[in-house]
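Chemist: Just run_2.tsv, nothing more (TSV, C-alpha atoms):
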chain	number	residue	atom	x	y	z
M	1	THR	CA	-16.54	3.44	19.38
M	2	GLN	CA	-13.18	1.67	19.27
M	3	SER	CA	-13.58	0.98	15.55
M	4	THR	CA	-14.34	4.62	14.73
M	5	TRP	CA	-11.37	5.82	16.81
M	6	GLY	CA	-9.10	3.32	15.06
M	7	GLN	CA	-10.27	4.50	11.65
M	8	THR	CA	-9.75	8.12	12.66
M	9	ARG	CA	-6.22	7.40	13.92
M	10	GLN	CA	-5.42	5.50	10.74
M	11	ALA	CA	-6.65	8.41	8.60
M	12	ILE	CA	-4.52	10.85	10.60
M	13	GLU	CA	-1.44	8.66	10.12
M	14	GLN	CA	-2.08	8.42	6.38
M	15	LEU	CA	-2.34	12.21	6.14
M	16	ARG	CA	0.89	12.59	8.11
M	17	ASP	CA	2.60	10.08	5.80
M	18	ARG	CA	1.47	12.00	2.72
M	19	LYS	CA	2.63	15.28	4.23
M	20	ARG	CA	6.09	13.85	5.05
M	21	GLN	CA	6.42	12.43	1.53
M	22	HIS	CA	5.26	15.67	-0.07
M	23	MET	CA	7.80	17.75	1.80
M	24	GLY	CA	10.65	15.61	0.46
M	25	ARG	CA	12.29	15.10	3.87
M	26	LEU	CA	11.76	12.36	6.36
M	27	SER	CA	10.07	13.70	9.45
M	28	LYS	CA	9.71	11.12	12.20
M	29	LEU	CA	7.02	11.33	14.83
M	30	TYR	CA	7.79	10.77	18.52
M	31	LEU	CA	5.51	9.29	21.16
M	32	ASN	CA	5.16	10.34	24.80
M	33	GLY	CA	4.07	8.70	28.03
M	34	GLY	CA	4.10	5.20	29.41
M	35	MET	CA	5.69	2.43	27.39
M	36	VAL	CA	6.82	3.12	23.84
M	37	TYR	CA	7.81	0.41	21.38
M	38	GLN	CA	10.71	1.40	19.15
M	39	CYS	CA	12.75	-0.11	16.32
M	40	ALA	CA	15.51	-2.28	17.77
M	41	THR	CA	17.90	-1.17	15.02
M	42	CYS	CA	17.53	2.64	15.01
M	43	GLN	CA	15.24	3.46	18.01
M	44	THR	CA	12.53	5.05	15.83
M	45	HIS	CA	9.25	5.17	17.77
M	46	LEU	CA	6.59	2.77	16.46
M	47	ALA	CA	3.68	2.40	18.91
M	48	THR	CA	2.55	2.83	22.50
M	49	GLU	CA	1.25	0.39	25.09
M	50	GLU	CA	-2.22	1.86	24.45
M	51	ASP	CA	-2.01	0.65	20.84
M	52	LEU	CA	-1.18	-2.92	21.90
M	53	ILE	CA	-4.01	-5.44	21.52
M	54	SER	CA	-2.24	-8.77	22.08
M	55	ARG	CA	1.18	-10.31	22.68
M	56	THR	CA	0.10	-13.83	21.63
M	57	PHE	CA	0.65	-13.78	17.86
M	58	LYS	CA	3.31	-15.52	15.76
M	59	GLY	CA	5.61	-13.65	13.43
M	60	ARG	CA	8.20	-14.82	10.92
M	61	THR	CA	10.95	-14.92	13.55
M	62	GLY	CA	8.96	-15.82	16.65
M	63	LYS	CA	6.59	-13.88	18.84
M	64	GLY	CA	4.49	-11.12	17.27
M	65	PHE	CA	2.44	-8.36	18.89
M	66	LEU	CA	-0.88	-7.15	17.44
M	67	PHE	CA	-1.26	-3.34	17.45
M	68	ASN	CA	-4.16	-1.08	16.52
M	69	SER	CA	-1.79	1.35	14.82
M	70	ALA	CA	1.87	2.07	14.18
M	71	ILE	CA	3.75	5.22	13.20
M	72	ASN	CA	6.98	5.86	11.31
M	73	VAL	CA	6.42	2.89	9.03
M	74	SER	CA	6.25	2.35	5.28
M	75	TYR	CA	4.55	-0.48	3.43
M	76	GLY	CA	5.57	-3.05	0.87
M	77	PRO	CA	3.21	-4.24	-1.86
M	78	GLU	CA	-0.01	-5.99	-0.88
M	79	GLU	CA	0.10	-9.75	-1.26
M	80	ASN	CA	-2.03	-12.75	-0.38
M	81	ARG	CA	-0.36	-14.92	2.23
M	82	VAL	CA	-1.55	-18.07	3.98
M	83	LEU	CA	-0.88	-17.54	7.70
M	84	LEU	CA	-1.64	-19.82	10.65
M	85	THR	CA	-5.21	-18.45	10.76
M	86	GLY	CA	-5.92	-18.71	7.03
M	87	LEU	CA	-5.62	-16.60	3.91
M	88	HIS	CA	-5.02	-12.87	4.42
M	89	THR	CA	-3.99	-9.94	2.24
M	90	ILE	CA	-1.09	-8.22	3.97
M	91	ALA	CA	1.58	-5.62	3.31
M	92	ASP	CA	5.00	-5.91	4.90
M	93	VAL	CA	5.83	-3.03	7.26
M	94	TYR	CA	9.24	-1.33	7.31
M	95	CYS	CA	10.84	1.19	9.66
M	96	VAL	CA	11.17	4.61	7.99
M	97	GLY	CA	14.37	5.24	9.93
M	98	CYS	CA	16.44	2.24	8.82
M	99	GLU	CA	14.16	0.26	6.44
M	100	SER	CA	14.28	-2.85	8.66
M	101	ILE	CA	11.31	-5.15	8.19
M	102	LEU	CA	9.18	-5.00	11.35
M	103	GLY	CA	6.20	-7.21	10.51
M	104	TRP	CA	3.06	-6.66	8.44
M	105	LYS	CA	-0.28	-4.88	8.20
M	106	TYR	CA	-3.50	-6.81	7.64
M	107	ILE	CA	-5.30	-5.45	4.58
M	108	GLU	CA	-7.97	-8.15	4.23
M	109	ALA	CA	-9.03	-11.32	6.01
M	110	TYR	CA	-11.12	-13.89	4.18
M	111	GLU	CA	-12.49	-15.82	7.13
M	112	GLU	CA	-15.22	-14.06	9.12
M	113	SER	CA	-13.56	-14.85	12.46
M	114	GLN	CA	-10.39	-13.03	11.32
M	115	LYS	CA	-11.95	-9.79	10.04
M	116	TYR	CA	-11.12	-7.98	13.30
M	117	LYS	CA	-7.47	-7.91	12.17
M	118	ILE	CA	-8.11	-5.72	9.13
M	119	GLY	CA	-6.12	-2.49	9.38
M	120	LYS	CA	-4.07	-3.73	12.33
M	121	PHE	CA	-0.35	-4.46	12.57
M	122	ILE	CA	1.81	-7.38	13.61
M	123	LEU	CA	5.17	-6.11	14.83
M	124	GLU	CA	7.65	-8.82	15.68
M	125	GLU	CA	9.11	-8.84	19.18
M	126	ALA	CA	12.63	-9.42	17.79
M	127	THR	CA	12.45	-6.14	15.83
M	128	MET	CA	11.51	-3.90	18.79
M	129	ASN	CA	12.72	-2.58	22.11
M	130	VAL	CA	10.51	-1.08	24.79
M	131	ILE	CA	11.29	2.16	26.59
M	132	HIS	CA	9.44	3.20	29.74
M	133	ASP	CA	8.17	6.60	30.91
M	134	VAL	CA	9.06	8.55	27.80
Have the structure of the file written as structure tokens, please.
Modeler:
Amino acid sequence: TQSTWGQTRQAIEQLRDRKRQHMGRLSKLYLNGGMVYQCATCQTHLATEEDLISRTFKGRTGKGFLFNSAINVSYGPEENRVLLTGLHTIADVYCVGCESILGWKYIEAYEESQKYKIGKFILEEATMNVIHDV
């Protein structure tokens, strides 16, 4: 199922993050095929078109995109934040290449109708560029 695949992908990314941290050197991952979203500041790859769920969200600086997963990111501390759709626990998301803030990851949603966001990412349009046919 989609949920199981998302959990598997998330576990793989967490293992990759631990491995990169353990080795003491930053090792960025690169994505292939179709459209790739990258950091607007340093061009670090973040996600693919396949990871995109919706382009209709709001971020801090304007339009936000909801993604199933993101790579080459680090997380800030978890915090409760009241967003347009209610109270959520989130962690800010930063680019590992340049440490720019990109958006946030949903850790918990307290309203039943918002639970589908848990584990997903909002990346702000203003923080990304898109490259085609990588």
Chemist: Could you check the closest approach to Ile71 in chain M for each of M:Lys58, M:Lys28, M:Lys115, M:His88 and tell me which residue wins, using only C-alpha atoms?
Modeler: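 Smallest separation from Ile71 in chain M among the options: M:Lys28.
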Chemist: In the coordinate frame of the file, compute which residues have an atom within 7 Å of (17.8, 5.7, 11.6) when using all atoms listed in the file, and state them as a PyMOL selection string.
Modeler: chain M and resi 42+44+97-98
Chemist: Name the closest residue to Asn68 in chain M among the candidates M:Lys120, M:Arg55, M:Lys105, M:His132; distances are taken between atoms, counting only C-alpha atoms.
Modeler: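 Closest to Asn68 in chain M, using only C-alpha atoms: M:Lys120.
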Chemist: Could you list, as a tab-separated table (two decimals) with C-alpha atoms, in the frame of the given file, every residue within 10 Å of Asp51 in chain M, counting only C-alpha atoms and ignoring same-chain residues fewer than 2 positions away?
Modeler:
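The resulting file, result37.tsv, is shown below:
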chain	number	residue	atom	x	y	z
M	6	GLY	CA	-9.10	3.32	15.06
M	36	VAL	CA	6.82	3.12	23.84
M	37	TYR	CA	7.81	0.41	21.38
M	46	LEU	CA	6.59	2.77	16.46
M	47	ALA	CA	3.68	2.40	18.91
M	48	THR	CA	2.55	2.83	22.50
M	49	GLU	CA	1.25	0.39	25.09
M	53	ILE	CA	-4.01	-5.44	21.52
M	54	SER	CA	-2.24	-8.77	22.08
M	66	LEU	CA	-0.88	-7.15	17.44
M	67	PHE	CA	-1.26	-3.34	17.45
M	68	ASN	CA	-4.16	-1.08	16.52
M	69	SER	CA	-1.79	1.35	14.82
M	70	ALA	CA	1.87	2.07	14.18
M	120	LYS	CA	-4.07	-3.73	12.33
M	121	PHE	CA	-0.35	-4.46	12.57
Chemist: Using only C-alpha atoms for the distances, tell me which of M:Ala109, M:Ile101, M:Ile90, M:Gly62 is nearest to Ala40 in chain M.
Modeler: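 Among the listed residues, M:Ile101 lies closest to Ala40 in chain M.
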Chemist: Check the smallest atom-to-atom distance from each of M:Thr85, M:Asn80, M:Thr127, M:Gln43 to Arg60 in chain M using all atoms listed in the file, then report the winner.
Modeler: M:Thr127
Chemist: What gap, in Å, lies between CA of Leu123 in chain M and CA of Gly103 in chain M?
Modeler: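 If I compute the distance from CA of Leu123 in chain M to CA of Gly103 in chain M, I get 4.6 Å.
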Chemist: Quick check, in Å to one decimal: how far apart do CA of Leu84 in chain M and CA of Gly59 in chain M lie?
Modeler: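 Going from CA of Leu84 in chain M over to CA of Gly59 in chain M covers 9.9 Å.
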Chemist: Let me know the centre plus edge lengths, in Å and rounded to one decimal, of a box with edges along x, y and z that contains all listed atoms of range 32-51 of chain M and is padded by 5 Å on every side, as AutoDock Vina command-line options.
Modeler:
--center_x 7.8 --center_y 4.0 --center_z 22.2 --size_x 30.1 --size_y 22.6 --size_z 24.4
Chemist: Would you mind reading off the distance between CA of Gly119 in chain M and CA of Gln38 in chain M, one decimal, in Å?
Modeler: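 Separating CA of Gly119 in chain M from CA of Gln38 in chain M is a distance of 19.8 Å.
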Chemist: Compare M:Asn72, M:Asn129, M:Thr89, M:Ser100 by their minimum atom-to-atom distance to Lys117 in chain M, counting only C-alpha atoms, and give me the closest one.
Modeler: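 Of all the options, M:Thr89 lies closest to Lys117 in chain M.
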Chemist: For a quick check of understanding, using only C-alpha atoms, which of M:Pro77, M:Gly86, M:Gly34, M:Gly64 has the smallest distance to Glu125 in chain M?
Modeler: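 Using only C-alpha atoms, Glu125 in chain M sits closest to M:Gly64.
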